[in-house]
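Engineer: Questions regarding the structure given below will be posed in turn.
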Amino acid sequence: MTTASFTGAAAQPMAAERGISLYRAIWRWHFFAGLLVIPFMISLALTGGLYLFNDEIDDTVFAYRNIVPVGAERLSPSAIVATAVESVPGSAAVSYRTPAGADRSARVTVGIGKARLLVFVDPYTGAVLDRVAPSEEFNQVVEDLHSLDYFGKSVEKIIEIVAGFAILLVFTGIYLWWPRQQTGGVLTVRGTPARRVFWRDLHAVTGIGAGLLIVFLAFSGLLWSGYWGATVNGKLTAMGLGYPAALWDEVPSSGKVSTDVLPRANWLMENAPVPASSGDPAEPVGVDRAVAIADAAGMLPGYELAIPLDETGVYTAAIFPADLARERTIHIDQYSGKPLVDIAFGDYPALGKAIEWSINVHKGQEWGRFNQLLMLGACIAIVLVSLSAVVMWWKRRPAGQIGVPPMPPRRSVYVGLWLMAILFGLAFPLTGIAIVVMVVLDQLLMRIPTARRRLS
């Protein structure tokens with residue numbers, strides 16, 4: 001009996017030490033991950049929150065070029081396109097966006113070489129309302145800042161790392177938040193802003209409240225990342241789970257994909273091939289006929305019509321609206337006027353539909369105003385969690401030091417965490433590499449006190 005009691009008594013401190021070690025190790029990882037991504041998280045939340053209301057911004061700030069007085073009769077599409085081209089000497093029409101409503105302008109994209117310019121035209125009077133480069137259009141600037149594409153394609157890969165770390169922060173945060181005999185700081189915020197406990201509780205309670213939304217935003221945002229998103233898109237297509245590739249089996253291919261001819265395409269269709277026209281080059285159907293064909297097919301007003309730039313090009317009518325059921329892409333032979341490929345949301349495979357749905361929710365487009373406000377709430381929560389983390393860290397940081405959380409008593413706890421990091425890295429490779437860098441940094445910081453003791 002005595003031996004058993006001593007054994008049990010010895011086991012309790014060991015178990016407690018293991019628990020403390022795990023808590024401190026995860027706390028350190030949570031700290032380092034947050035330190036690396038907080039600036040990006042705040043940027044993503046601010047730009048994302050702004051982009052949720054892109055339509056409202058267009059209808060107010062840029063109403064002068066988007067909203068027009070309703071006239072008696074619209075000009076023909078070809079006349080609108082000709083007006084836009086004439087306003088930019090030496091240019092050629094690249095695409096034509098039909099008016100989305102009776103009081104909406106038409107938009108023509110013209111090009112000189114590889115340069116592009118958006119020309120907004122009153123469809124009733126033919127007046128040119130504005131001209132702006134696609135990269136300088138306000139909502140495009142916000143989107144490019146959000147994706148970091150504004151700084152170049154190589155920089156945007158950081159988004160994958162940030163999104164992966166956001167997922168890591170949520171799950172490590174849940175572990176750190178989990179109630180351990182305390183009552184405060186679980187669902188309530190203690191103290192006042194003058195005290196560190198207030199910011200700690202605010203950080204924890206806000207994080208746990210918005211955790212699932214943050215994970216959703218991070219995971220759905222990964223679909224746009226330069227490496228992970230492109231890899232998933234390619235693999236789904238190869239496995240027949242992306243766009244229905246069989247629809248292109250009996251039509252000639254141009255060697256181009258959707259993003260080569262359209263200003264934008266949805267995630268699933270961006271790498272879908274564009275077919276080629278075949279027929280008598282002397283008798284093209286023209287823009288007016290192409291628009292009439294797309295209208296007769298039931299395209300939602302406001303669709304983009306890519307104009308063929310060579311003899312094998314096709315007219316591509318495409319729209320990706322908030323109402324997923326109205327998504328549509330039609331490739332029209334420029335000579336016969338025959339639709340070569342006609343694909344709608346209902347033609348997507350189940351997984352493709354699920355992905356497009358998640359992207360729609362991410363952009364705040366699925367449930368109207370509720371969806372916008374829900375995503376805006378998540379963005380506000382991200383900013384609040386990030387800022388409270390900074391304040392909390394600053395208040396506990398010893399003067400002149402970084403204030404890294406204490407090392408775990410038992411370093412062996414890192415073995416299990418390394419295995420989890422490897423599995424996470426296999427799923428998200430760029431984030432996995434960043435985790436390796438983070439862990440190496442952690443190990444180096446662990447060795448600094450030891451080295452100092454040896455030198456003293």
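How things are named: the first chain in the structure tokens is A, the next is B, and so on; residues count from 1 in each chain; ligands count from 1 in the order shown.
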Please provide as a PDB file with C-alpha atoms, in the first residue's frame all residues within 8 Å of Ser225 (chain A), with the sequence filter that same-chain residues fewer than 3 positions apart are discarded (counting only C-alpha atoms).
Structural biologist:
ATOM      1  CA  GLU A 156       1.072  36.889 -53.019  1.00  0.00           C
ATOM      2  CA  LYS A 157       2.321  33.440 -51.935  1.00  0.00           C
ATOM      3  CA  ILE A 159      -1.184  34.736 -48.348  1.00  0.00           C
ATOM      4  CA  GLU A 160      -0.928  30.948 -48.185  1.00  0.00           C
ATOM      5  CA  GLY A 221      -8.976  32.169 -48.972  1.00  0.00           C
ATOM      6  CA  LEU A 222      -6.326  29.516 -49.581  1.00  0.00           C
ATOM      7  CA  TRP A 228      -1.830  25.725 -52.823  1.00  0.00           C
ATOM      8  CA  GLY A 229      -4.845  27.114 -54.670  1.00  0.00           C
ATOM      9  CA  ALA A 230      -3.335  26.538 -58.119  1.00  0.00           C
TER      10      ALA A 230
END
Engineer: Mind the document's chain letters and residue numbers, and return as a VMD selection string the residues of region 188-232 of chain A that DSSP labels alpha helix (DSSP H).
Structural biologist: chain A and resid 196 to 222 228 to 232
Engineer: At a cut-off of 8 Å, using only C-alpha atoms, what residues contact Val404 (chain A)? Leave out same-chain residues fewer than 5 positions from it and give the result as a ChimeraX atom specification.
Structural biologist: /A:28,31,397
Engineer: What is the CA of Gly313 (chain A)-CA of Glu283 (chain A) distance in Å, reported with one decimal?
Structural biologist: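 Atom-to-atom, CA of Gly313 (chain A) and CA of Glu283 (chain A) are spaced 13.8 Å apart.
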Engineer: Identify, on the basis of only C-alpha atoms, every residue whose closest approach to region 284-293 of chain A does not exceed 6 Å; exclude the query and any residue fewer than 4 positions from it along the same chain; express the result as a PDB file with C-alpha atoms, in the first residue's frame.
Structural biologist:
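After the write, part.pdb holds the following:
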ATOM      1  CA  PRO A  77     -23.411  47.203 -78.760  1.00  0.00           C
ATOM      2  CA  SER A  78     -21.248  47.772 -81.843  1.00  0.00           C
ATOM      3  CA  GLN A 334     -17.416  34.023 -84.364  1.00  0.00           C
ATOM      4  CA  TYR A 335     -18.457  32.849 -87.851  1.00  0.00           C
TER       5      TYR A 335
END
Engineer: DSSP says strand (DSSP E) for which residues of region 46-199 of chain A? Put them as JSON, numbers by chain?
Structural biologist: {"A": [92, 93, 94, 95, 96, 97, 106, 107, 108, 109, 110, 111, 112, 115, 116, 117, 118, 119, 120, 121, 128, 129, 130, 131, 132]}
Engineer: Keeping only N, CA and C atoms, write those residues as an mmCIF file, in the first residue's frame.
Structural biologist:
data_model
loop_
_atom_site.group_PDB
_atom_site.id
_atom_site.type_symbol
_atom_site.label_atom_id
_atom_site.label_comp_id
_atom_site.auth_asym_id
_atom_site.auth_seq_id
_atom_site.Cartn_x
_atom_site.Cartn_y
_atom_site.Cartn_z
ATOM 1 N N ALA A 92 -7.855 48.780 -79.734
ATOM 2 C CA ALA A 92 -8.786 47.801 -80.296
ATOM 3 C C ALA A 92 -9.644 47.265 -79.160
ATOM 4 N N ALA A 93 -10.890 46.913 -79.468
ATOM 5 C CA ALA A 93 -11.797 46.405 -78.436
ATOM 6 C C ALA A 93 -11.386 45.007 -78.011
ATOM 7 N N VAL A 94 -11.360 44.782 -76.714
ATOM 8 C CA VAL A 94 -11.001 43.480 -76.144
ATOM 9 C C VAL A 94 -12.236 42.783 -75.571
ATOM 10 N N SER A 95 -13.089 43.532 -74.873
ATOM 11 C CA SER A 95 -14.313 42.949 -74.328
ATOM 12 C C SER A 95 -15.352 44.034 -74.115
ATOM 13 N N TYR A 96 -16.596 43.593 -73.994
ATOM 14 C CA TYR A 96 -17.729 44.514 -73.827
ATOM 15 C C TYR A 96 -18.606 43.992 -72.701
ATOM 16 N N ARG A 97 -18.835 44.826 -71.677
ATOM 17 C CA ARG A 97 -19.728 44.445 -70.587
ATOM 18 C C ARG A 97 -21.073 45.110 -70.818
ATOM 19 N N ALA A 106 -22.557 50.938 -69.872
ATOM 20 C CA ALA A 106 -21.846 49.829 -70.508
ATOM 21 C C ALA A 106 -20.353 50.065 -70.283
ATOM 22 N N ARG A 107 -19.577 49.014 -70.351
ATOM 23 C CA ARG A 107 -18.132 49.164 -70.160
ATOM 24 C C ARG A 107 -17.402 48.397 -71.252
ATOM 25 N N VAL A 108 -16.471 49.054 -71.890
ATOM 26 C CA VAL A 108 -15.687 48.430 -72.948
ATOM 27 C C VAL A 108 -14.226 48.409 -72.517
ATOM 28 N N THR A 109 -13.604 47.255 -72.620
ATOM 29 C CA THR A 109 -12.176 47.149 -72.366
ATOM 30 C C THR A 109 -11.467 47.242 -73.700
ATOM 31 N N VAL A 110 -10.591 48.231 -73.828
ATOM 32 C CA VAL A 110 -9.819 48.395 -75.054
ATOM 33 C C VAL A 110 -8.354 48.135 -74.741
ATOM 34 N N GLY A 111 -7.606 47.801 -75.773
ATOM 35 C CA GLY A 111 -6.200 47.481 -75.559
ATOM 36 C C GLY A 111 -5.301 48.058 -76.618
ATOM 37 N N ILE A 112 -4.098 48.423 -76.205
ATOM 38 C CA ILE A 112 -3.022 48.795 -77.117
ATOM 39 C C ILE A 112 -1.853 47.902 -76.745
ATOM 40 N N ALA A 115 -1.381 46.545 -72.961
ATOM 41 C CA ALA A 115 -1.995 47.509 -72.046
ATOM 42 C C ALA A 115 -3.509 47.502 -72.222
ATOM 43 N N ARG A 116 -4.237 47.679 -71.128
ATOM 44 C CA ARG A 116 -5.690 47.672 -71.148
ATOM 45 C C ARG A 116 -6.231 48.938 -70.493
ATOM 46 N N LEU A 117 -7.439 49.338 -70.956
ATOM 47 C CA LEU A 117 -8.102 50.498 -70.390
ATOM 48 C C LEU A 117 -9.598 50.226 -70.360
ATOM 49 N N LEU A 118 -10.242 50.541 -69.236
ATOM 50 C CA LEU A 118 -11.685 50.385 -69.104
ATOM 51 C C LEU A 118 -12.349 51.703 -69.501
ATOM 52 N N VAL A 119 -13.269 51.631 -70.441
ATOM 53 C CA VAL A 119 -13.975 52.825 -70.906
ATOM 54 C C VAL A 119 -15.462 52.664 -70.564
ATOM 55 N N PHE A 120 -15.981 53.561 -69.732
ATOM 56 C CA PHE A 120 -17.384 53.524 -69.323
ATOM 57 C C PHE A 120 -18.184 54.429 -70.256
ATOM 58 N N VAL A 121 -19.256 53.889 -70.839
ATOM 59 C CA VAL A 121 -20.022 54.605 -71.857
ATOM 60 C C VAL A 121 -21.507 54.621 -71.496
ATOM 61 N N VAL A 128 -18.763 59.248 -73.217
ATOM 62 C CA VAL A 128 -17.736 58.537 -72.456
ATOM 63 C C VAL A 128 -17.720 59.105 -71.040
ATOM 64 N N LEU A 129 -18.018 58.278 -70.066
ATOM 65 C CA LEU A 129 -18.158 58.717 -68.673
ATOM 66 C C LEU A 129 -16.848 58.697 -67.902
ATOM 67 N N ASP A 130 -15.975 57.769 -68.253
ATOM 68 C CA ASP A 130 -14.687 57.669 -67.541
ATOM 69 C C ASP A 130 -13.787 56.685 -68.270
ATOM 70 N N ARG A 131 -12.515 56.843 -68.049
ATOM 71 C CA ARG A 131 -11.515 55.893 -68.552
ATOM 72 C C ARG A 131 -10.542 55.604 -67.416
ATOM 73 N N VAL A 132 -10.284 54.344 -67.160
ATOM 74 C CA VAL A 132 -9.382 53.980 -66.064
ATOM 75 C C VAL A 132 -8.700 52.655 -66.382
#
Engineer: For Ile435 (chain A), which residue among A:Leu145, A:Leu300, A:Met420, A:Met41 is the nearest when counting only C-alpha atoms?
Structural biologist: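 Looking only at the distances to Ile435 (chain A), the closest residue turns out to be A:Met420.
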